[in-house]
file target.txt (compact mmCIF, C-alpha atoms)
# COMPACT_ATOMS: atom_id res chain seq x y z
CA MET A 50 -142.22 -101.91 -114.87
CA ALA A 51 -139.74 -99.29 -113.72
CA ALA A 52 -136.21 -99.28 -115.03
CA ASN A 53 -133.42 -100.83 -113.01
CA PRO A 54 -132.83 -98.20 -110.27
CA THR A 55 -129.06 -98.69 -110.39
CA VAL A 56 -128.94 -97.57 -114.03
CA SER A 57 -129.66 -93.94 -114.87
CA ALA A 58 -128.09 -93.80 -118.35
CA VAL A 59 -127.07 -96.10 -121.19
CA LEU A 60 -123.85 -95.63 -123.14
CA PHE A 61 -123.26 -97.40 -126.44
CA ASP A 62 -120.25 -98.28 -128.52
CA LEU A 63 -120.91 -97.14 -132.09
CA ASP A 64 -119.64 -99.59 -134.74
CA GLY A 65 -121.21 -103.00 -134.29
CA THR A 66 -123.35 -101.97 -131.33
CA LEU A 67 -125.50 -98.93 -132.04
CA LEU A 68 -125.07 -98.88 -135.82
CA ASP A 69 -124.26 -101.42 -138.52
CA THR A 70 -121.45 -99.44 -140.13
CA ALA A 71 -119.76 -102.44 -141.75
CA PRO A 72 -121.20 -101.89 -145.26
CA ASP A 73 -119.65 -98.43 -145.59
CA LEU A 74 -116.37 -99.45 -143.95
CA VAL A 75 -115.99 -102.51 -146.15
CA PHE A 76 -116.92 -100.50 -149.25
CA ALA A 77 -114.19 -97.97 -148.47
CA ALA A 78 -111.62 -100.69 -147.79
CA ASN A 79 -112.40 -102.62 -150.96
CA ALA A 80 -112.51 -99.50 -153.14
CA ALA A 81 -109.05 -98.53 -151.86
CA LEU A 82 -107.77 -102.06 -152.39
CA ALA A 83 -109.13 -102.11 -155.94
CA GLU A 84 -107.26 -98.92 -156.78
CA ALA A 85 -104.08 -100.72 -155.70
CA ASP A 86 -104.99 -103.85 -157.70
CA ILE A 87 -105.50 -105.89 -154.53
CA PRO A 88 -108.39 -108.42 -154.38
CA PRO A 89 -111.42 -107.41 -152.32
CA ARG A 90 -112.53 -108.98 -149.07
CA SER A 91 -116.04 -109.95 -148.04
CA VAL A 92 -118.05 -108.23 -145.35
CA ASP A 93 -117.93 -111.41 -143.25
CA GLU A 94 -114.14 -111.51 -143.49
CA LEU A 95 -113.68 -107.92 -142.35
CA LYS A 96 -116.49 -107.49 -139.81
CA PRO A 97 -114.61 -109.08 -136.88
CA CYS A 98 -111.70 -106.67 -137.50
CA ILE A 99 -113.73 -103.46 -137.36
CA SER A 100 -113.55 -103.05 -133.59
CA GLY A 101 -109.78 -102.65 -133.86
CA GLY A 102 -110.11 -99.58 -136.07
CA ALA A 103 -109.23 -98.83 -139.68
CA THR A 104 -105.58 -99.93 -139.41
CA VAL A 105 -106.47 -103.33 -137.94
CA MET A 106 -109.28 -103.74 -140.45
CA LEU A 107 -106.94 -103.07 -143.37
CA ARG A 108 -104.34 -105.45 -141.96
CA CYS A 109 -107.03 -108.11 -142.06
CA ALA A 110 -107.76 -107.17 -145.67
CA PHE A 111 -104.06 -107.51 -146.54
CA ASN A 112 -104.02 -110.80 -144.64
CA GLY A 113 -100.84 -109.74 -142.86
CA ASP A 114 -98.79 -109.54 -146.08
CA TYR A 115 -98.00 -105.97 -147.12
CA GLU A 116 -95.25 -103.49 -147.85
CA PRO A 117 -95.43 -100.58 -145.36
CA ALA A 118 -95.44 -97.76 -147.93
CA LEU A 119 -98.20 -99.42 -149.95
CA PHE A 120 -100.19 -100.13 -146.80
CA GLY A 121 -99.95 -96.49 -145.76
CA ARG A 122 -101.20 -95.26 -149.15
CA VAL A 123 -104.11 -97.69 -149.18
CA LEU A 124 -105.03 -96.81 -145.60
CA GLN A 125 -105.07 -93.09 -146.37
CA ARG A 126 -107.24 -93.70 -149.44
CA MET A 127 -109.58 -95.93 -147.44
CA LEU A 128 -110.08 -93.15 -144.87
CA GLU A 129 -110.73 -90.60 -147.62
CA LEU A 130 -113.33 -92.85 -149.21
CA TYR A 131 -114.96 -93.65 -145.89
CA HIS A 132 -115.26 -89.96 -145.02
CA ALA A 133 -116.95 -89.35 -148.38
CA HIS A 134 -119.37 -92.26 -147.94
CA VAL A 135 -119.72 -92.40 -144.15
CA ALA A 136 -123.48 -92.91 -144.10
CA ASP A 137 -124.40 -94.25 -147.55
CA ARG A 138 -125.14 -97.79 -146.38
CA THR A 139 -124.96 -97.58 -142.58
CA ARG A 140 -128.17 -98.51 -140.80
CA PHE A 141 -129.49 -99.17 -137.32
CA PHE A 142 -129.36 -102.76 -136.21
CA ASP A 143 -132.88 -104.21 -136.20
CA GLY A 144 -134.62 -102.91 -133.09
CA THR A 145 -132.04 -100.30 -132.09
CA GLU A 146 -134.05 -97.31 -133.24
CA SER A 147 -137.09 -98.39 -131.22
CA VAL A 148 -134.89 -99.00 -128.18
CA LEU A 149 -133.55 -95.45 -128.35
CA GLY A 150 -137.09 -94.14 -128.64
CA GLU A 151 -138.16 -96.12 -125.58
CA LEU A 152 -135.18 -94.89 -123.57
CA GLU A 153 -136.15 -91.33 -124.45
CA ARG A 154 -139.78 -92.01 -123.57
CA ARG A 155 -138.66 -93.26 -120.16
CA GLY A 156 -136.45 -90.24 -119.63
CA ILE A 157 -133.26 -92.34 -119.61
CA PRO A 158 -130.42 -90.43 -121.28
CA TRP A 159 -128.18 -92.30 -123.69
CA GLY A 160 -124.81 -91.52 -125.17
CA ILE A 161 -122.07 -92.83 -127.44
CA VAL A 162 -118.48 -93.74 -126.56
CA THR A 163 -116.45 -94.83 -129.58
CA ASN A 164 -112.86 -95.02 -130.70
CA LYS A 165 -113.92 -93.70 -134.12
CA MET A 166 -112.40 -90.27 -134.74
CA SER A 167 -114.73 -87.29 -134.54
CA ARG A 168 -114.21 -86.41 -138.21
CA PHE A 169 -116.13 -89.60 -138.98
CA THR A 170 -118.40 -89.79 -135.94
CA ASP A 171 -119.83 -86.28 -136.23
CA PRO A 172 -121.01 -86.39 -139.87
CA LEU A 173 -122.29 -89.93 -139.44
CA LEU A 174 -124.47 -89.02 -136.47
CA LYS A 175 -125.63 -85.84 -138.16
CA LYS A 176 -126.73 -87.69 -141.29
CA LEU A 177 -128.66 -90.22 -139.20
CA ASN A 178 -130.27 -87.48 -137.08
CA LEU A 179 -128.65 -88.76 -133.89
CA ALA A 180 -126.34 -85.86 -133.05
CA ASP A 181 -129.02 -83.86 -131.22
CA ARG A 182 -130.55 -86.90 -129.52
CA ALA A 183 -127.45 -88.28 -127.82
CA GLY A 184 -126.82 -86.99 -124.32
CA CYS A 185 -123.09 -87.12 -125.01
CA VAL A 186 -120.77 -88.22 -127.80
CA ILE A 187 -117.22 -89.26 -126.95
CA SER A 188 -115.07 -90.00 -129.99
CA GLY A 189 -111.59 -91.44 -130.23
CA ASP A 190 -110.01 -87.99 -130.10
CA THR A 191 -112.28 -86.44 -127.46
CA THR A 192 -110.05 -87.47 -124.56
CA ALA A 193 -106.33 -88.13 -124.22
CA GLU A 194 -106.94 -91.90 -124.12
CA LYS A 195 -109.04 -94.39 -126.06
CA LYS A 196 -110.78 -97.56 -124.94
CA PRO A 197 -109.85 -99.90 -123.31
CA HIS A 198 -108.67 -97.04 -121.09
CA PRO A 199 -111.58 -95.94 -118.86
CA LEU A 200 -111.09 -92.19 -119.47
CA PRO A 201 -113.59 -91.89 -122.37
CA LEU A 202 -116.30 -93.55 -120.29
CA LEU A 203 -115.49 -91.44 -117.25
CA GLU A 204 -115.80 -88.33 -119.42
CA ALA A 205 -119.16 -89.55 -120.73
CA SER A 206 -120.58 -89.98 -117.23
CA ARG A 207 -119.20 -86.56 -116.26
CA ARG A 208 -120.96 -84.94 -119.21
CA LEU A 209 -124.20 -86.63 -118.16
CA SER A 210 -123.69 -85.39 -114.58
CA LEU A 211 -123.80 -88.97 -113.32
CA THR A 212 -121.42 -91.26 -111.50
CA PRO A 213 -119.94 -94.13 -113.52
CA GLU A 214 -121.86 -96.55 -111.29
CA GLN A 215 -125.11 -95.05 -112.59
CA CYS A 216 -124.24 -95.95 -116.20
CA VAL A 217 -124.30 -99.14 -118.21
CA TYR A 218 -122.00 -99.51 -121.21
CA VAL A 219 -122.96 -101.69 -124.18
CA GLY A 220 -120.29 -102.88 -126.60
CA ASP A 221 -119.27 -105.73 -128.87
CA ALA A 222 -115.55 -106.10 -128.11
CA PRO A 223 -113.48 -107.23 -125.12
CA GLY A 224 -111.98 -103.73 -124.95
CA ASP A 225 -115.45 -102.32 -124.39
CA VAL A 226 -116.00 -104.60 -121.41
CA GLU A 227 -112.54 -103.82 -120.05
CA ALA A 228 -113.06 -100.06 -120.37
CA GLY A 229 -116.45 -100.23 -118.70
CA ARG A 230 -115.24 -102.37 -115.82
CA ARG A 231 -112.20 -100.15 -115.25
CA ALA A 232 -114.51 -97.12 -115.20
CA GLY A 233 -116.73 -98.78 -112.60
CA MET A 234 -119.71 -99.19 -114.92
CA THR A 235 -122.04 -102.10 -115.48
CA THR A 236 -121.20 -103.69 -118.85
CA LEU A 237 -123.25 -105.55 -121.45
CA THR A 238 -121.94 -107.40 -124.49
CA ALA A 239 -123.83 -107.02 -127.77
CA LEU A 240 -123.71 -110.55 -129.15
CA TYR A 241 -125.29 -109.31 -132.39
CA GLY A 242 -122.21 -107.16 -133.09
CA TYR A 243 -118.99 -107.71 -134.98
CA ILE A 244 -117.77 -110.78 -133.10
CA ALA A 245 -115.78 -113.50 -134.85
CA ALA A 246 -116.97 -117.08 -134.57
CA GLU A 247 -113.78 -118.09 -132.76
CA HIS A 248 -114.15 -115.38 -130.12
CA ALA A 249 -115.61 -116.19 -126.70
CA PRO A 250 -117.73 -113.21 -125.60
CA HIS A 251 -119.19 -115.20 -122.73
CA ASP A 252 -115.72 -115.14 -121.18
CA TRP A 253 -115.16 -111.38 -121.44
CA GLY A 254 -116.59 -110.72 -117.99
CA ALA A 255 -119.55 -108.54 -118.90
CA ASP A 256 -122.44 -108.25 -116.47
CA GLY A 257 -124.92 -109.31 -119.12
CA LEU A 258 -125.34 -110.46 -122.72
CA LEU A 259 -127.69 -109.03 -125.32
CA ALA A 260 -128.65 -111.36 -128.17
CA THR A 261 -130.51 -108.51 -129.88
CA PRO A 262 -130.73 -104.74 -129.31
CA ARG A 263 -134.26 -105.17 -127.95
CA ASP A 264 -132.92 -107.30 -125.08
CA LEU A 265 -131.64 -104.13 -123.44
CA LEU A 266 -135.13 -103.09 -122.33
CA PRO A 267 -136.02 -106.23 -120.37
CA TRP A 268 -132.52 -106.16 -118.90
CA LEU A 269 -133.19 -102.65 -117.66
CA ASP A 270 -136.45 -103.93 -116.20
CA GLY A 271 -134.55 -106.58 -114.28
CA ALA A 272 -135.79 -109.43 -116.46
CA LEU A 273 -132.28 -110.34 -117.68
CA SER A 274 -129.23 -111.09 -115.56
call {"tool": "encode", "arguments": {"input": "target.txt", "output": "structure tokens"}}
result
Amino acid sequence: MAANPTVSAVLFDLDGTLLDTAPDLVFAANAALAEADIPPRSVDELKPCISGGATVMLRCAFNGDYEPALFGRVLQRMLELYHAHVADRTRFFDGTESVLGELERRGIPWGIVTNKMSRFTDPLLKKLNLADRAGCVISGDTTAEKKPHPLPLLEASRRLSLTPEQCVYVGDAPGDVEAGRRAGMTTLTALYGYIAAEHAPHDWGADGLLATPRDLLPWLDGALS
């Protein structure tokens, strides 16, 4: 079956959508906390905070109770440790790698739009052999604005020589849906991503929901609404 004719490219958020980066992020956070004699946090505790970035994630680890100078030192150490171990434990979500292969087989370009800074994004993608496969990579410092502003997504479609309406954006946070909608793109929510139990992704306003990465292909074929 041919791909949905209104979609010519697929753009993915990175953390919690394309890649399961939580193990390396949580390792870095807990290693930095341990150096400051602060108790560690579990992966499940910190996963829902990852979409907000390192600062939000560490605030979750501190549970809102911290002295600013200490927080700043721990945050800097966390970022240093993450940079040194950016791809030690990170893996594709189950099915994602085959989905990318099928998109490439169909001649559908795909790209990445993330708020992760390029100093982390670039080595991560290189180590996972994705840098040369992605049609575009937009990091948190590529454009003057970050998601939920639409500018990163607009830049991605420009680099693919497509209109925003020809792209679908897949993400696991309300800011992803907001950015995609403001850019004029179709949006899909990755329910398998880093979403807290108390969140309500069905209310975010996405055009579709993906229970697993593999659900993207039947959606493209018009089998999912």
call {"tool": "atom_distance", "arguments": {"input": "target.txt", "atom1": "CA of Leu203 in chain A", "atom2": "CA of Tyr131 in chain A"}}
result
28.7 Å
call {"tool": "residues_around", "arguments": {"input": "target.txt", "residues": "Ser206 in chain A", "least_positions_apart": "3", "cutoff": "12 Å", "atoms": "all atoms listed in the file", "output": "PyMOL selection string"}}
result
chain A and resi 56-60+158-162+184-187+199-203+209-218+229+232-234
call {"tool": "closest_residue", "arguments": {"input": "target.txt", "among": "A:Ala183, A:His251, A:Asp221, A:Arg108", "to": "Arg208 in chain A", "atoms": "all atoms listed in the file"}}
result
A:Ala183
call {"tool": "residues_near_point", "arguments": {"input": "target.txt", "point": "(-134.2, -100.4, -124.1)", "cutoff": "7 Å", "atoms": "all atoms listed in the file", "output": "list of chain:residue names"}}
result
A:Val148, A:Leu149, A:Glu151, A:Leu152, A:Arg263, A:Leu265, A:Leu266, A:Leu269
call {"tool": "closest_residue", "arguments": {"input": "target.txt", "among": "A:Trp268, A:Phe76, A:Trp253, A:Tyr243", "to": "Thr139 in chain A", "atoms": "only C-alpha atoms"}}
result
A:Phe76
call {"tool": "atom_distance", "arguments": {"input": "target.txt", "atom1": "CA of Leu74 in chain A", "atom2": "CA of Pro89 in chain A"}}
result
12.6 Å
call {"tool": "residues_around", "arguments": {"input": "target.txt", "residues": "Ala249 in chain A", "least_positions_apart": "3", "cutoff": "12 Å", "atoms": "all atoms listed in the file", "output": "PDB file with C-alpha atoms, keeping the file's coordinate frame"}}
result
ATOM      1  CA  ASP A 221    -119.270-105.730-128.870  1.00  0.00           C
ATOM      2  CA  ALA A 222    -115.550-106.100-128.110  1.00  0.00           C
ATOM      3  CA  PRO A 223    -113.480-107.230-125.120  1.00  0.00           C
ATOM      4  CA  THR A 238    -121.940-107.400-124.490  1.00  0.00           C
ATOM      5  CA  LEU A 240    -123.710-110.550-129.150  1.00  0.00           C
ATOM      6  CA  ILE A 244    -117.770-110.780-133.100  1.00  0.00           C
ATOM      7  CA  ALA A 245    -115.780-113.500-134.850  1.00  0.00           C
ATOM      8  CA  ALA A 246    -116.970-117.080-134.570  1.00  0.00           C
ATOM      9  CA  ASP A 252    -115.720-115.140-121.180  1.00  0.00           C
ATOM     10  CA  TRP A 253    -115.160-111.380-121.440  1.00  0.00           C
ATOM     11  CA  GLY A 254    -116.590-110.720-117.990  1.00  0.00           C
ATOM     12  CA  ALA A 255    -119.550-108.540-118.900  1.00  0.00           C
ATOM     13  CA  LEU A 258    -125.340-110.460-122.720  1.00  0.00           C
TER      14      LEU A 258
END
call {"tool": "closest_residue", "arguments": {"input": "target.txt", "among": "A:Thr104, A:Thr192, A:Thr145, A:Thr170", "to": "Tyr241 in chain A", "atoms": "all atoms listed in the file"}}
result
A:Thr145
call {"tool": "atom_distance", "arguments": {"input": "target.txt", "atom1": "CA of Thr55 in chain A", "atom2": "CA of Thr236 in chain A"}}
result
12.6 Å
call {"tool": "axis_aligned_box", "arguments": {"input": "target.txt", "around": "range 238-257 of chain A", "padding_each_side": "5 Å", "output": "JSON"}}
result
{"center_x": -119.5, "center_y": -112.6, "center_z": -125.7, "size_x": 21.5, "size_y": 21.1, "size_z": 28.5}
call {"tool": "residues_near_point", "arguments": {"input": "target.txt", "point": "(-121.8, -101.7, -130.3)", "cutoff": "6 Å", "atoms": "all atoms listed in the file", "output": "list of chain:residue names"}}
result
A:Phe61, A:Asp62, A:Leu63, A:Asp64, A:Gly65, A:Thr66, A:Leu67, A:Gly220, A:Asp221
